[in-house]
Amino acid sequence: MDGPSAPGPLLIACALGIERLALRGGAGRSGRTPQDAPGPVSVLRTGMGPQAARRAVARALRDEAVPGGTAVLATGFCAGLAPGMRPGDLVVADGTRDGREHTPCTGTELLAAALAPYGTVHTGPLVGSDHVVRGAERAVLHATGALATDMESAATLRTAVTGAGRRPVAAVRVVVDAPGHELIRMGTLRGGISAFRVLRGVLPAFLEWHRSLLLPWR
């Protein structure tokens with residue numbers, strides 16, 4: 001199925017104030033601003049957790065001019081699940097899941113290619129959680145096939161597509177901790193700094209993905 005003849009607005013959703021700060025700061029550093037995008041771009045701070053994400057995204061999309069016309073991209077920090085992942089790595093979801101619900105993502109390969117200059121990119125499933133995942137629980141979730149977990153992406157994308165027919169959705173997360181790099185250790189403070197710096201730089205890739213919606217998508 002072909003996508004829209006021209007992309008509508010882009011809604012970038014994140015949970016935390018520090019994530020929104022990184023995204024807004026990155027707009028200035030990159031030389032690429034939301035005004036460079038083919039449609040209006042807004043950054044929404046949803047608050048932490050799946051319930052907060054669902055409420056905030058539903059409110060933000062309630063009055064959209066064209067139902068299903070707003071592209072939604074969930075972003076922020078995540079917990080890496082796969083051995084070998086490091087803080088600052090990027091995870092591009094090919095789909096998100098929360099319980100039995102699965103939401104496929106749009107333009108995953110193009111988004112991963114656009115993000116390649118910013119660091120190591122992993123592509124695969126992103127699983128939702130209602131709490132911060134630590135320790136042995138990482139291995140349990142990784143055994144299900146997931147590469148990373150966070151609390152808001154699955155809820156954000158599921159809310160975005162519910163009742164709207166098809167709309168472009170994506171999720172990009174920056175690993176802030178991973179197996180062997182737990183945040184509870186004092187030495188991993190630098191992991192949080194690394195993740196912030198990466199998130200601060202990736203807005204141009206998000207805009208490139210948004211621009212790609214001018215092309216046919218599936």
# chains A, B, ... in the order shown; residues from 1 in each chain; ligands from 1
call {"tool": "residues_around", "arguments": {"residues": "A:Gly47", "least_positions_apart": "2", "cutoff": "9 Å", "atoms": "only C-alpha atoms", "output": "ChimeraX atom specification"}}
result
/A:14-17,45,49-53,56,152
call {"tool": "select_by_dssp", "arguments": {"residues": "chain A", "states": "alpha helix (DSSP H)", "output": "JSON, numbers by chain"}}
result
{"A": [17, 18, 19, 20, 21, 22, 23, 24, 25, 26, 27, 28, 29, 30, 50, 51, 52, 53, 54, 55, 56, 57, 58, 59, 60, 61, 108, 109, 110, 111, 112, 113, 114, 115, 137, 138, 139, 140, 141, 142, 153, 154, 155, 156, 157, 158, 159, 160, 161, 189, 190, 191, 192, 193, 194, 195, 196, 197, 198, 199, 200, 201, 203, 204, 205, 206, 207, 208, 209, 210, 211, 212]}
call {"tool": "atom_distance", "arguments": {"atom1": "atom CA of A:Gly201", "atom2": "atom CA of A:Tyr118"}}
result
7.3 Å
call {"tool": "closest_residue", "arguments": {"among": "A:Leu207, A:Phe196, A:Thr108, A:Glu64", "to": "A:Arg20", "atoms": "only C-alpha atoms"}}
result
A:Phe196
call {"tool": "residues_around", "arguments": {"residues": "A:Leu90", "least_positions_apart": "5", "cutoff": "8 Å", "atoms": "only C-alpha atoms", "output": "list in words"}}
result
Leu115, Gly119, Thr120, Val121, His122, Val172, Arg173, Val174 and Val175 of chain A
call {"tool": "write_last_selection", "arguments": {"atoms": "N, CA and C atoms", "output": "mmCIF file, in the first residue's frame"}}
result
data_model
loop_
_atom_site.group_PDB
_atom_site.id
_atom_site.type_symbol
_atom_site.label_atom_id
_atom_site.label_comp_id
_atom_site.auth_asym_id
_atom_site.auth_seq_id
_atom_site.Cartn_x
_atom_site.Cartn_y
_atom_site.Cartn_z
ATOM 1 N N LEU A 115 20.623 6.346 10.793
ATOM 2 C CA LEU A 115 21.234 6.453 12.123
ATOM 3 C C LEU A 115 22.647 5.890 12.178
ATOM 4 N N GLY A 119 26.463 5.909 15.448
ATOM 5 C CA GLY A 119 26.923 4.893 16.376
ATOM 6 C C GLY A 119 26.508 3.501 15.944
ATOM 7 N N THR A 120 26.713 2.545 16.825
ATOM 8 C CA THR A 120 26.340 1.163 16.556
ATOM 9 C C THR A 120 24.823 1.023 16.596
ATOM 10 N N VAL A 121 24.253 0.442 15.551
ATOM 11 C CA VAL A 121 22.808 0.317 15.432
ATOM 12 C C VAL A 121 22.410 -1.154 15.495
ATOM 13 N N HIS A 122 21.453 -1.465 16.350
ATOM 14 C CA HIS A 122 20.864 -2.803 16.444
ATOM 15 C C HIS A 122 19.415 -2.706 15.970
ATOM 16 N N VAL A 172 12.907 4.428 18.221
ATOM 17 C CA VAL A 172 14.373 4.449 18.282
ATOM 18 C C VAL A 172 14.762 4.715 19.726
ATOM 19 N N ARG A 173 15.572 3.850 20.267
ATOM 20 C CA ARG A 173 16.010 4.026 21.651
ATOM 21 C C ARG A 173 17.523 3.986 21.739
ATOM 22 N N VAL A 174 18.068 4.711 22.715
ATOM 23 C CA VAL A 174 19.502 4.717 22.967
ATOM 24 C C VAL A 174 19.760 3.925 24.242
ATOM 25 N N VAL A 175 20.652 2.962 24.151
ATOM 26 C CA VAL A 175 20.968 2.101 25.296
ATOM 27 C C VAL A 175 21.663 2.929 26.370
#
call {"tool": "closest_residue", "arguments": {"among": "A:Leu126, A:Ala148, A:Ser42, A:Pro9", "to": "A:Arg24", "atoms": "only C-alpha atoms"}}
result
A:Ser42
call {"tool": "closest_residue", "arguments": {"among": "A:Val140, A:Ala71, A:Leu81, A:Val91", "to": "A:Ala171", "atoms": "only C-alpha atoms"}}
result
A:Val91
call {"tool": "select_by_dssp", "arguments": {"residues": "stretch 92-136 of chain A", "states": "strand (DSSP E or B)", "output": "list in words"}}
result
Val92, Ala93, Asp94, Gly95, Thr96, Arg97, Asp98, Glu101, His102, Thr103, Pro104, Val121, His122, Thr123, Gly124, Pro125, Leu126, Val127 and Gly128 of chain A
call {"tool": "closest_residue", "arguments": {"among": "A:Ser194, A:Asp89, A:Leu73, A:Thr159", "to": "A:Pro117", "atoms": "only C-alpha atoms"}}
result
A:Asp89
call {"tool": "decode", "arguments": {"residues": "stretch 51-84 of chain A", "atoms": "N, CA and C atoms", "output": "short mmCIF file (atom, residue, chain, number, x, y, z; two decimals), in the first residue's frame"}}
result
data_model
loop_
_atom_site.label_atom_id
_atom_site.label_comp_id
_atom_site.auth_asym_id
_atom_site.auth_seq_id
_atom_site.Cartn_x
_atom_site.Cartn_y
_atom_site.Cartn_z
N GLN A 51 1.15 3.79 31.12
CA GLN A 51 -0.13 4.48 31.27
C GLN A 51 0.01 5.96 30.94
N ALA A 52 1.08 6.59 31.41
CA ALA A 52 1.32 8.00 31.10
C ALA A 52 1.51 8.19 29.60
N ALA A 53 2.22 7.28 28.96
CA ALA A 53 2.44 7.37 27.52
C ALA A 53 1.13 7.26 26.76
N ARG A 54 0.30 6.32 27.14
CA ARG A 54 -0.99 6.15 26.45
C ARG A 54 -1.84 7.41 26.57
N ARG A 55 -1.92 7.96 27.77
CA ARG A 55 -2.75 9.15 27.98
C ARG A 55 -2.23 10.33 27.17
N ALA A 56 -0.93 10.57 27.24
CA ALA A 56 -0.35 11.75 26.58
C ALA A 56 -0.47 11.66 25.07
N VAL A 57 -0.20 10.48 24.51
CA VAL A 57 -0.25 10.34 23.05
C VAL A 57 -1.69 10.43 22.56
N ALA A 58 -2.62 9.83 23.30
CA ALA A 58 -4.03 9.93 22.91
C ALA A 58 -4.49 11.38 22.89
N ARG A 59 -4.09 12.17 23.89
CA ARG A 59 -4.45 13.59 23.92
C ARG A 59 -3.83 14.33 22.74
N ALA A 60 -2.58 14.04 22.46
CA ALA A 60 -1.88 14.76 21.41
C ALA A 60 -2.47 14.49 20.03
N LEU A 61 -3.02 13.29 19.83
CA LEU A 61 -3.55 12.91 18.52
C LEU A 61 -5.05 13.13 18.40
N ARG A 62 -5.69 13.52 19.49
CA ARG A 62 -7.16 13.60 19.52
C ARG A 62 -7.69 14.57 18.47
N ASP A 63 -7.02 15.68 18.27
CA ASP A 63 -7.53 16.73 17.39
C ASP A 63 -6.72 16.87 16.10
N GLU A 64 -6.05 15.80 15.67
CA GLU A 64 -5.27 15.92 14.44
C GLU A 64 -6.19 16.21 13.25
N ALA A 65 -5.68 17.03 12.34
CA ALA A 65 -6.50 17.49 11.22
C ALA A 65 -6.94 16.35 10.32
N VAL A 66 -6.04 15.40 10.06
CA VAL A 66 -6.35 14.24 9.23
C VAL A 66 -6.16 13.00 10.08
N PRO A 67 -7.22 12.25 10.41
CA PRO A 67 -7.07 11.05 11.23
C PRO A 67 -6.04 10.09 10.64
N GLY A 68 -5.06 9.74 11.43
CA GLY A 68 -4.00 8.85 10.96
C GLY A 68 -2.93 9.55 10.17
N GLY A 69 -3.01 10.88 10.05
CA GLY A 69 -2.06 11.61 9.22
C GLY A 69 -0.77 12.00 9.91
N THR A 70 -0.73 11.86 11.24
CA THR A 70 0.47 12.22 11.99
C THR A 70 1.38 11.01 12.16
N ALA A 71 2.64 11.13 11.75
CA ALA A 71 3.62 10.08 12.00
C ALA A 71 4.08 10.18 13.45
N VAL A 72 4.28 9.04 14.09
CA VAL A 72 4.66 9.02 15.51
C VAL A 72 5.95 8.23 15.67
N LEU A 73 6.91 8.83 16.35
CA LEU A 73 8.19 8.18 16.62
C LEU A 73 8.45 8.24 18.12
N ALA A 74 8.59 7.08 18.74
CA ALA A 74 8.90 6.99 20.16
C ALA A 74 10.41 6.91 20.33
N THR A 75 10.94 7.67 21.27
CA THR A 75 12.39 7.65 21.46
C THR A 75 12.74 7.92 22.92
N GLY A 76 14.03 7.89 23.20
CA GLY A 76 14.52 8.07 24.56
C GLY A 76 15.53 6.98 24.89
N PHE A 77 15.69 6.71 26.16
CA PHE A 77 16.67 5.73 26.62
C PHE A 77 16.02 4.36 26.80
N CYS A 78 16.85 3.32 26.85
CA CYS A 78 16.32 1.97 27.03
C CYS A 78 17.36 1.11 27.74
N ALA A 79 16.93 -0.07 28.13
CA ALA A 79 17.83 -1.08 28.67
C ALA A 79 18.13 -2.08 27.57
N GLY A 80 19.39 -2.24 27.24
CA GLY A 80 19.77 -3.25 26.27
C GLY A 80 19.70 -4.65 26.90
N LEU A 81 19.33 -5.63 26.10
CA LEU A 81 19.15 -6.99 26.60
C LEU A 81 20.19 -7.97 26.08
N ALA A 82 20.80 -7.67 24.94
CA ALA A 82 21.70 -8.62 24.30
C ALA A 82 23.13 -8.46 24.81
N PRO A 83 23.81 -9.56 25.07
CA PRO A 83 25.22 -9.47 25.44
C PRO A 83 26.01 -8.73 24.37
N GLY A 84 26.95 -7.90 24.81
CA GLY A 84 27.76 -7.14 23.87
C GLY A 84 27.25 -5.74 23.62
#
